[in-house]
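Have a look at the structure below, then the notes.
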Protein chains: 2
Amino acid sequence: MNGAGHAMPSRTPTRSALQQPFSRRHFLAAAAAGAITPAWSRAHAAWQGEPSQPPDSTAAAASPQLAAQTRSLMPVPYSVQWRTGGMPLSSGFYAAATGATRQDERVEAALSRLMMRIARRTALNLDPWRRGAPATAGLLVNCQAAGPHFPALGEDENYRLEISPEQARLEAPGIAGALRGLETLYQLIEAQPPGYGFPAVVIEDRPRFAWRGLLLDVSRHFQSVAEVERTLELMACCKFNVLHWHLSDDQGFRVESRVFPRLQELGSDGQFYSQSEIRQVIEHARRLGIRILPEFDMPAHTQAWMPGYPRLGSAPGPYHIARTFGYHNAVFDPTRGYVYHFLDRFFAEMAGLFPDAFLHIGGDENKGPEWRENTDIRAFMRRHGIHSKAGLQTYFNRRLNPIVRRHGKIMAGWEEILNPKLPKDVVVEAWLSVGALANIVKHGNRGILSAGYYLDLMWPAAQHYAVDPIPADSPMSAEEKARVLGGEACMWGEFVPPPILDSHIWPRAAAIAERLWSPAGVHDVPDMYRRLNLTSLELEALGSTHRALPGMLLRGFARGQNPAPLLTFMDVIEPIKGYGHSQHTYNVFTPPAFMCYAAPPESAARQWLPPLVQSFLRRPQSAAGKAAGRRLLQLFTAWDRGYEGYKKLLPHGPQMAELEPLYRALAGLGAAGRTAVRSLMGQQPLPGDWTAQKLAALAAIQPKYGDVILIIGPQMALLLDAADTGKTSGSEPVS
Amino acid sequence: MNGAGHAMPSRTPTRSALQQPFSRRHFLAAAAAGAITPAWSRAHAAWQGEPSQPPDSTAAAASPQLAAQTRSLMPVPYSVQWRTGGMPLSSGFYAAATGATRQDERVEAALSRLMMRIARRTALNLDPWRRGAPATAGLLVNCQAAGPHFPALGEDENYRLEISPEQARLEAPGIAGALRGLETLYQLIEAQPPGYGFPAVVIEDRPRFAWRGLLLDVSRHFQSVAEVERTLELMACCKFNVLHWHLSDDQGFRVESRVFPRLQELGSDGQFYSQSEIRQVIEHARRLGIRILPEFDMPAHTQAWMPGYPRLGSAPGPYHIARTFGYHNAVFDPTRGYVYHFLDRFFAEMAGLFPDAFLHIGGDENKGPEWRENTDIRAFMRRHGIHSKAGLQTYFNRRLNPIVRRHGKIMAGWEEILNPKLPKDVVVEAWLSVGALANIVKHGNRGILSAGYYLDLMWPAAQHYAVDPIPADSPMSAEEKARVLGGEACMWGEFVPPPILDSHIWPRAAAIAERLWSPAGVHDVPDMYRRLNLTSLELEALGSTHRALPGMLLRGFARGQNPAPLLTFMDVIEPIKGYGHSQHTYNVFTPPAFMCYAAPPESAARQWLPPLVQSFLRRPQSAAGKAAGRRLLQLFTAWDRGYEGYKKLLPHGPQMAELEPLYRALAGLGAAGRTAVRSLMGQQPLPGDWTAQKLAALAAIQPKYGDVILIIGPQMALLLDAADTGKTSGSEPVS
């Protein structure tokens with residue numbers, strides 16, 4: 001039952017540049033070309049994780065002109081016109097709603113929530129339930145119509161927000177737009193010492209894409225209602241509008257079915273949502289203007305259905321809940337009437353539970369061995385002239401679609417379901433490649449993009465941010481472009497036991513949210529990071545533990561000793577990128593008890609180290625260069641000392657020992673870095689063989705310890721190389 | 001509606017020594033006598049909050065002999081016999097249950113939960129649902145009988161745990177004991193590099209008191225189901241067995257009544273528990289072996305009942321939910337039949353909802369103006385020969401008790417309800433003074449103690465720990481002692497908006513839990529702190545945010561700038577003690593947006609600063625003294641620098657400005673401290689007027705900035721005074 005785990009999730013690993021083997025050539029070329037430390041690394045240390053030695057700001061951030069325009073707004077609105085002056089906030093601040101907004105429970109809830117958040121941010125005593133006369137209200141919200149009861153695809157999310165010194169006025173055609181506008185209003189709060197206030201501004205806003213989702217996989221690791229609801233609140237903060245709820249897979253069936261109760265009784269280990277909990281989540285999402293899109297993945301990824309209902313399967317069974325990751329063979333038998341009868345009753349029940357117009361049936365990664373090994377299925381295929389696994393799955397989908405439609409739903413599925421016979425109303429989700437989206441819309445179907453937005457790949461935010469559903473050079477026709485509905489950030493659950501959830505989603509997902517909301521022309525990376533660092537604070541204020549998690553875990557590992565050496569280490573490591581995990585036996589029971597779980601997917605050092613090194617190498621003997629050099633010396637010394645401290649902690653947390661070689665290598669790099677810095681400050685180039693030796697040592701560091709990587713390689717390579725030639729990088733690329 | 005708040009809660013402020021005005025005499029005398037920096041301060045820096053400059057260990061902790069005996073156990077068991085050897089943990093570890101325990105759902109849930117916690121602590125992949133043959137199980141649990149379905153007062157909580165190199169065997173007469181024993185087992189895990197294991201041991205354990213409660217006030221600030229459930233899990237970790245749920249008060253009525261729905265509709269701002277949520281919480285508590293004691297405080301503290309049912313009140317109304325704290329006048333009219341008829345139906349409903357044998361009716365703090373001002377009530381009193389407010393409340397209670405009893409419950413109430421005519425089965429809770437408890441049991445009633453256990457007073461854990469329901473010198477007779485059921489830590493809610501909850505309860509409440517469970521002879525304070533620091537880690541692993549909170553709040557105040565100067569400050573301040581708040585208008589809407597919310601009730605510096613100063617003053621010119629002196633110099637420099645950094649942060653978080661005078665004073669103390677340390681290290685006494693001047697400056701620091709206090713006063717006074725006379729403190733008291 002608890003067999004050896006496959007480390008690799010079944011999804012095709014999209015290799016990240018960051019995961020490639022280290023080599024001198026690679027480092028130098030990549031660093032010069034910006035591929036490893038790309039443009040966005042110019043943004044600097046505003047985002048302090050919990051670094052033990054956060055250096056002071058070391059380099060200029062991106063364009064101050066741009067910062068003056070975008071301020072704290074994320075996603076950036078369609079149009080922003082700043083005015084002079086502002087509206088101070090006082091404890092007399094209250095809101096009023098008129099028009100269709102008046103007494104609407106969503107607006108009421110949103111206003112109360114906004115008031116509590118404003119109070120928290122500004123330290124003002126605001127009564128969240130106070131409403132009053134529109135004329136003297138600090139905030140006046142007016143909607144022309146309420147809009148649909150449940151959030152719906154294509155619902156008008158536009159709004160107009162005008163803040164004068166007297167009043168903030170929010171106008172929207174529907175409540176969805178008003179909800180988005182209230183989030184924008186909140187982001188406009190600024191310190192106006194001795195208090196806080198809003199700047200005067202006129203904002204006209206509308207989303208670029210109508211479908212802006214976050215997929216949450218609750219099958220590989222169950223996430224409680226509290227976690228799902230917190231995720232919804234964090235999503236609303238970034239104007240996401242779809243929670244794609246991946247509710248069933250090989251590792252667990254997470255919904256209470258009353259028609260087929262053995263689904264959850266035998267398929268969930270007791271970890272499922274009751275129907276009343278699901279209704280509660282849907283209502284919570286409705287109030288935030290977020291659709292809930294349920295996914296029941298089939299015909300593969302269905303092993304957890306089968307302990308309760310083995311006749312669904314293509315093999316004789318018996319079936320157990322899967323405990324390992326990677327491909328599993330369990331697959332529905334598409335040749336049996338029983339399966340369609342079952343699904344008809346099942347979808348009837350689920351269609352009544354989930355109000356959204358769409359129902360996601362998965363359809364991905366059917367490898368087919370159970371079909372090949374079943375003589376009845378082979379005979380059926382011969383009888384029906386079906387020649388391939390894909391053909392049989394098409395047959396399944398063509399029988400499935402009318403069932404879904406009969407219960408009033410539109411089908412959605414992963415890109416494997418695409419074929420010329422697929423009905424054109426089906427929404428298809430591209431996940432294997434960004435290019436697949438063009439193919440989907442060329443077929444005449446509507447498409448959404450998740451390729452490039454997989455949060456479990458542990459990419460830096462900038463890498464996701466660069467992925468556009470409709471790139472500037474897209475060959476799509478205007479008609480095809482119109483069929484691109486949007487995209488979805490995907491939080492697959494293999495490596496996400498509950499305490500890790502926030503840290504693996506946030507704040508990176510906010511960059512994807514901006515890509516999907518803001519105009520295509522909004523793509524300045526340093527400015528994105530500047531704003532992401534502010535958004536991160538708001539996410540934390542809403543209860544996200546993404547910033548606190550490293551400290552929470554590392555204190556436990558250090559068992560009451562000072563965890564500072566671990567925090568020092570955490571500054572310069574990240575979880576391994578892609579699906580190259582190899583060091584632990586990952587399965588559904590793997591506890592979050594290793595350093596790789598504490599490491600944030602994107603280290604703060606990615607932001608502050610490159611400008612520090614750059615600032616030093618530009619002119620090592622100038623005053624600014626020397627100041628940067630001194631900070632580098634401090635940093636390198638902290639690595640040495642940290643390593644010594646870490647060794648003393650090992651007896652308290654033996655599982656940390658797996659990283660000993662990596663921390664030792666870091667200490668060695670610190671020593672080499674100090675030599676290089678002193679050599680450059682003293683204008684005394686080191687012999688070429690010293691540098692070659694150090695670079696070889698650097699290149700020998702592989703991401704094989706505890707499934708984390710050191711992220712400082714490219715910067716250290718630049719530094720060591722500069723010490724060798726004695727030259728400074730100046731403005732020319734290092735070659 | 002949102003009027004000016006009373007800062008002071010209505011409860012009589014029990015003045016803490018820490019709250020007294022600063023003065024040189026006070027400091028020196030108190031420091032010498034141990035009243036301000038008492039014995040427990042000898043325990044040192046194992047507890048790292050999130051201090052920005054955590055010094056290394058500076059002094060020996062308390063008795064190593066004691067530590068070898070108590071290890072990580074908290075509360076300390078009745079009897080522990082350590083054996084040699086131990087049982088290593090491996091991924092093959094599983095549990096089996098026999099006897100009455102077999103397949104009991106509480107034991108099943110507890111074993112799964114334990115397995116997940118062991119996995120998290122040891123980094124082992126353990127299948128939480130795996131059970132197997134008893135003979136080869138790593139853990140064998142056996143109960144003689146299941147015990148009552150719901151946890152009950154007096155239920156047998158004894159257990160015996162024996163760990164040999166082959167197996168851990170837990171025996172208990174009932175499931176309550178088994179649950180306690182599993183918590184003890186978890187605390188026994190120790191690093192046995194390269195892995196983890198259990199030591200060999202025989203533990204026989206039983207609680208000193210049967211009633212070990214935590215009061216949670218959800219009226220002043222509502223706490224969600226998730227927060228209540230987390231609190232229950234944290235309670236179970238310390239063997240608390242009663243959640244005293246203070247469900248109604250002037251500021252909110254928090255339970256769904258179906259019989260009187262306007263209670264929650266008009267009395268809760270929508271913040272109440274549905275009956276299904278309450279059942280969920282009760283079931284959650286049942287599985288943890290915790291009783292849920294509901295309190296409906298009456299006849300005073302009832303203002304939130306009256307917007308819905310004004311006829312309950314003694315004044316004409318109309319009534320609104322109270323928004324401020326302090327005394328409110330709303331009180332039931334004990335002369336009206338309507339009130340008893342209402343309460344009869346209400347308690348019938350609540351008796352069906354809450355399974356515990358007891359029902360707490362409050363009864364405290366009735367000030368009586370509404371009674372005095374009501375001519376009908378005055379006439380009634382005359383007619384019935386009732387001469388006082390107390391007499392009328394006795395009349396009310398005497399009519400209330402049969403109603404409570406008719407619905408199968410035993411009444412409990414605060415000490416004001418005590419009078420000779422009170423039925424002897426009523427449980428009375430002493431809160432105004434520890435001495436009241438002796439009076440209660442002398443009357444023949446059973447009593448519980450909450451005086452001395454008020455967590456909102458912000459006392460250090462040691463101060464609560466010193467309070468014993470039956471002090472060693474108690475004059476109670478054996479019979480009277482037997483009527484002392486136990487005690488309750490009380491978390492009153494005035495200053496506890498939801499994100500603050502964990503930080504104000506934990507880890508301090510664990511010291512109270514130990515007082516109520518462990519033998520009276522367990523009272524070594526340094527050893528308690530040593531174990532509390534370990535318990536704190538386990539609480540954090542269970543999801544408590546008490547350690548992460550300062551960072552979470554301070555990052556927000558610093559708005560993306562480096563919060564290190566704030567963390568430096570947070571090391572040496574605490575929230576004001578007692579109820580002397582004065583700086584903010586505290587009411588139910590006051591946001592957790594001030595430094596006083598980020599400051600932990602008990603600063604880490606209380607543990608590490610006194611031994612550091614002591615170690616320095618003992619022999620300033622010795623090697624150890626000089627090492628301590630250097631650390632003090634670093635610390636004092638951090639105060640200066642922190643102040644400079646803090647001033648730069650002020651424009652980002654204007655509300656932090658209220659603490660500017662206090663941080664400035666700290667910087668001044670840092671400069672003075674440096675001078676004193678250098679003088680002592682150099683054997684060059686400073687002139688007496690220098691010291692007098694600095695001590696005067698120290699004495700001038702009042703706890704009036706932002707409702708926080710500097711806790712370093714006594715230590716700084718010792719240091720400055722030593723510099724004056726040039727003498728070292730040695731072992732004689734400083735006079």
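Chain identifiers are assigned as A, B, and so on, following the order in which chains appear in the structure tokens; residues are numbered from 1 within each chain, and ligands are numbered from 1 in order of appearance.
For range 486-711 of chain B, a DSSP pass over the backbone yields strand (DSSP E or B) at Gly486, Gly487, Glu488, Ala489, Cys490, Met491, Ile573, Glu574, Pro575, Asn587, Val708, Ile709 and Leu710 of chain B.
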Same residues, N, CA and C atoms, saved as a JSON list (two decimals), in the first residue's frame:
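Resulting contents of result-v2.json:
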```json
[["chain", "number", "residue", "atom", "x", "y", "z"],
["B", 486, "GLY", "N", -9.97, 22.47, 40.28],
["B", 486, "GLY", "CA", -8.85, 22.82, 39.40],
["B", 486, "GLY", "C", -8.82, 24.30, 39.08],
["B", 487, "GLY", "N", -8.54, 24.62, 37.85],
["B", 487, "GLY", "CA", -8.43, 26.04, 37.48],
["B", 487, "GLY", "C", -8.60, 26.26, 35.99],
["B", 488, "GLU", "N", -8.60, 27.53, 35.64],
["B", 488, "GLU", "CA", -8.77, 27.90, 34.23],
["B", 488, "GLU", "C", -7.91, 29.10, 33.88],
["B", 489, "ALA", "N", -7.12, 28.95, 32.85],
["B", 489, "ALA", "CA", -6.46, 30.10, 32.23],
["B", 489, "ALA", "C", -7.54, 30.88, 31.48],
["B", 490, "CYS", "N", -7.52, 32.22, 31.59],
["B", 490, "CYS", "CA", -8.60, 33.00, 30.97],
["B", 490, "CYS", "C", -8.05, 33.94, 29.90],
["B", 491, "MET", "N", -8.55, 33.79, 28.70],
["B", 491, "MET", "CA", -8.16, 34.67, 27.61],
["B", 491, "MET", "C", -9.33, 35.59, 27.28],
["B", 573, "ILE", "N", 10.72, 45.14, 24.48],
["B", 573, "ILE", "CA", 9.46, 45.70, 24.95],
["B", 573, "ILE", "C", 8.42, 44.60, 25.10],
["B", 574, "GLU", "N", 7.41, 44.92, 25.85],
["B", 574, "GLU", "CA", 6.27, 44.03, 26.03],
["B", 574, "GLU", "C", 5.01, 44.89, 26.08],
["B", 575, "PRO", "N", 3.86, 44.30, 25.84],
["B", 575, "PRO", "CA", 2.63, 45.06, 26.04],
["B", 575, "PRO", "C", 2.53, 45.47, 27.50],
["B", 587, "ASN", "N", -11.62, 49.74, 21.32],
["B", 587, "ASN", "CA", -12.97, 49.22, 21.28],
["B", 587, "ASN", "C", -12.96, 48.01, 20.35],
["B", 708, "VAL", "N", 3.17, 50.10, 25.58],
["B", 708, "VAL", "CA", 4.19, 49.06, 25.75],
["B", 708, "VAL", "C", 5.14, 49.51, 26.85],
["B", 709, "ILE", "N", 5.85, 48.59, 27.41],
["B", 709, "ILE", "CA", 6.87, 48.93, 28.42],
["B", 709, "ILE", "C", 8.22, 48.41, 27.97],
["B", 710, "LEU", "N", 9.26, 49.11, 28.39],
["B", 710, "LEU", "CA", 10.63, 48.61, 28.23],
["B", 710, "LEU", "C", 10.88, 47.65, 29.38]]
```
Skipping near chain neighbours, those fewer than 6 positions away, what residues fall within 9 Å of Pro507 in chain B using only C-alpha atoms, listed as a PyMOL selection string? chain B and resi 461+532-533+535-536+539+546
Selection to disk with all heavy atoms, as an mmCIF file, in the first residue's frame:
```cif
data_model
loop_
_atom_site.group_PDB
_atom_site.id
_atom_site.type_symbol
_atom_site.label_atom_id
_atom_site.label_comp_id
_atom_site.auth_asym_id
_atom_site.auth_seq_id
_atom_site.Cartn_x
_atom_site.Cartn_y
_atom_site.Cartn_z
ATOM 1 N N ALA B 461 5.083 33.956 32.195
ATOM 2 C CA ALA B 461 4.595 32.617 32.546
ATOM 3 C C ALA B 461 4.888 32.267 33.999
ATOM 4 O O ALA B 461 4.057 31.659 34.682
ATOM 5 C CB ALA B 461 5.226 31.578 31.607
ATOM 6 N N LEU B 532 9.253 24.930 28.486
ATOM 7 C CA LEU B 532 8.283 25.776 27.783
ATOM 8 C C LEU B 532 8.818 26.163 26.395
ATOM 9 O O LEU B 532 8.061 26.258 25.427
ATOM 10 C CB LEU B 532 8.000 27.038 28.612
ATOM 11 C CG LEU B 532 6.827 27.908 28.137
ATOM 12 C CD1 LEU B 532 5.510 27.156 28.252
ATOM 13 C CD2 LEU B 532 6.750 29.203 28.937
ATOM 14 N N ASN B 533 10.129 26.383 26.303
ATOM 15 C CA ASN B 533 10.721 26.734 25.016
ATOM 16 C C ASN B 533 10.584 25.594 24.012
ATOM 17 O O ASN B 533 10.419 25.835 22.811
ATOM 18 C CB ASN B 533 12.194 27.096 25.209
ATOM 19 C CG ASN B 533 12.357 28.344 26.045
ATOM 20 O OD1 ASN B 533 11.437 29.150 26.146
ATOM 21 N ND2 ASN B 533 13.515 28.506 26.665
ATOM 22 N N THR B 535 8.113 23.235 24.261
ATOM 23 C CA THR B 535 6.669 23.167 24.010
ATOM 24 C C THR B 535 6.264 24.208 22.976
ATOM 25 O O THR B 535 5.427 23.950 22.111
ATOM 26 C CB THR B 535 5.901 23.386 25.333
ATOM 27 O OG1 THR B 535 6.285 22.369 26.261
ATOM 28 C CG2 THR B 535 4.403 23.337 25.114
ATOM 29 N N SER B 536 6.884 25.367 23.068
ATOM 30 C CA SER B 536 6.585 26.440 22.122
ATOM 31 C C SER B 536 6.807 25.976 20.682
ATOM 32 O O SER B 536 6.028 26.298 19.776
ATOM 33 C CB SER B 536 7.466 27.648 22.448
ATOM 34 O OG SER B 536 7.250 28.688 21.541
ATOM 35 N N LEU B 539 3.938 23.731 19.691
ATOM 36 C CA LEU B 539 2.743 24.533 19.432
ATOM 37 C C LEU B 539 2.849 25.158 18.043
ATOM 38 O O LEU B 539 1.880 25.195 17.289
ATOM 39 C CB LEU B 539 2.598 25.612 20.505
ATOM 40 C CG LEU B 539 2.355 25.101 21.934
ATOM 41 C CD1 LEU B 539 2.594 26.217 22.954
ATOM 42 C CD2 LEU B 539 0.940 24.553 22.077
ATOM 43 N N HIS B 546 2.111 32.122 17.257
ATOM 44 C CA HIS B 546 2.640 33.007 18.301
ATOM 45 C C HIS B 546 4.075 33.437 18.031
ATOM 46 O O HIS B 546 4.461 34.536 18.421
ATOM 47 C CB HIS B 546 2.520 32.356 19.684
ATOM 48 C CG HIS B 546 3.369 31.143 19.882
ATOM 49 N ND1 HIS B 546 3.059 29.923 19.321
ATOM 50 C CD2 HIS B 546 4.518 30.949 20.564
ATOM 51 C CE1 HIS B 546 3.986 29.048 19.669
ATOM 52 N NE2 HIS B 546 4.891 29.639 20.412
#
```
Set the distance at 6 Å and use only C-alpha atoms: which residues neighbour range 684-697 of chain B once local chain neighbours fewer than 4 positions away are removed? I'd like the list as a PyMOL selection string. chain B and resi 679+720+723-724+726
Produce a file of the selected residues containing N, CA, C and O atoms, as a PDB file, in the first residue's frame.
```
ATOM      1  N   SER B 679      33.570  51.269  31.291  1.00  0.00           N
ATOM      2  CA  SER B 679      34.133  51.705  32.562  1.00  0.00           C
ATOM      3  C   SER B 679      34.424  50.504  33.466  1.00  0.00           C
ATOM      4  O   SER B 679      35.468  50.401  34.091  1.00  0.00           O
ATOM      5  N   LEU B 720      24.202  50.336  35.574  1.00  0.00           N
ATOM      6  CA  LEU B 720      24.584  51.727  35.789  1.00  0.00           C
ATOM      7  C   LEU B 720      25.050  51.915  37.231  1.00  0.00           C
ATOM      8  O   LEU B 720      26.027  52.614  37.512  1.00  0.00           O
ATOM      9  N   ALA B 723      28.503  50.646  37.760  1.00  0.00           N
ATOM     10  CA  ALA B 723      29.522  51.528  37.187  1.00  0.00           C
ATOM     11  C   ALA B 723      29.814  52.682  38.131  1.00  0.00           C
ATOM     12  O   ALA B 723      30.936  53.163  38.216  1.00  0.00           O
ATOM     13  N   ASP B 724      28.787  53.110  38.819  1.00  0.00           N
ATOM     14  CA  ASP B 724      28.947  54.204  39.775  1.00  0.00           C
ATOM     15  C   ASP B 724      29.919  53.819  40.879  1.00  0.00           C
ATOM     16  O   ASP B 724      30.957  54.434  41.080  1.00  0.00           O
ATOM     17  N   GLY B 726      31.695  51.244  40.998  1.00  0.00           N
ATOM     18  CA  GLY B 726      32.858  50.521  40.525  1.00  0.00           C
ATOM     19  C   GLY B 726      32.911  49.107  41.059  1.00  0.00           C
ATOM     20  O   GLY B 726      33.729  48.307  40.652  1.00  0.00           O
TER      21      GLY B 726
END
```
So that I can check the surroundings of Ala226 in chain A, please list as number ranges by chain every protein, DNA and RNA residue that reaches within 9 Å of it, counting only C-alpha atoms and ignoring chain neighbours fewer than 4 positions away. A: 230-231; B: 226
Quick one: which chain B residues come within 7 Å of chain A, and what is the nearest atom pair for each with the distance in Å to one decimal, counting only C-alpha atoms, rows ordered by chain and ascending number, as a tab-separated table?
```
residue	atom	partner	partner_atom	distance
B:Asn2	CA	A:Asp127	CA	6.8
B:Ala46	CA	A:Gly560	CA	5.6
B:Trp47	CA	A:Gly560	CA	6.1
B:Gln48	CA	A:Asn562	CA	6.4
B:Ala119	CA	A:Pro591	CA	5.8
B:Arg120	CA	A:Pro591	CA	5.0
B:Arg121	CA	A:Ala593	CA	6.7
B:Ala123	CA	A:Ala593	CA	4.9
B:Asn125	CA	A:Thr590	CA	5.0
B:Leu126	CA	A:Phe589	CA	6.2
B:Asp127	CA	A:Phe589	CA	6.0
B:Ala191	CA	A:His652	CA	6.0
B:Pro193	CA	A:Pro654	CA	5.6
B:Pro194	CA	A:Pro654	CA	5.5
B:Gly195	CA	A:Pro654	CA	5.8
B:Ala226	CA	A:Ala226	CA	6.7
B:Asn533	CA	A:Gly560	CA	6.6
B:Leu534	CA	A:Gly560	CA	6.3
B:Leu537	CA	A:Gly556	CA	5.8
B:Glu540	CA	A:Met552	CA	6.8
B:Ala548	CA	A:Ala548	CA	5.8
B:Met552	CA	A:Glu540	CA	6.8
B:Gly556	CA	A:Leu537	CA	5.8
B:Gly560	CA	A:Ala46	CA	5.6
B:Gln561	CA	A:Ala46	CA	6.0
B:Asn562	CA	A:Gln48	CA	6.3
B:Phe589	CA	A:Asn125	CA	5.6
B:Thr590	CA	A:Asn125	CA	5.0
B:Pro591	CA	A:Arg120	CA	5.0
B:Pro592	CA	A:Arg120	CA	6.1
B:Ala593	CA	A:Ala123	CA	4.9
B:Phe594	CA	A:Ala123	CA	6.9
B:Pro651	CA	A:Pro193	CA	6.2
B:His652	CA	A:Ala191	CA	6.0
B:Gly653	CA	A:Ala191	CA	6.7
B:Pro654	CA	A:Pro194	CA	5.5
B:Gln655	CA	A:Ala123	CA	6.5
```
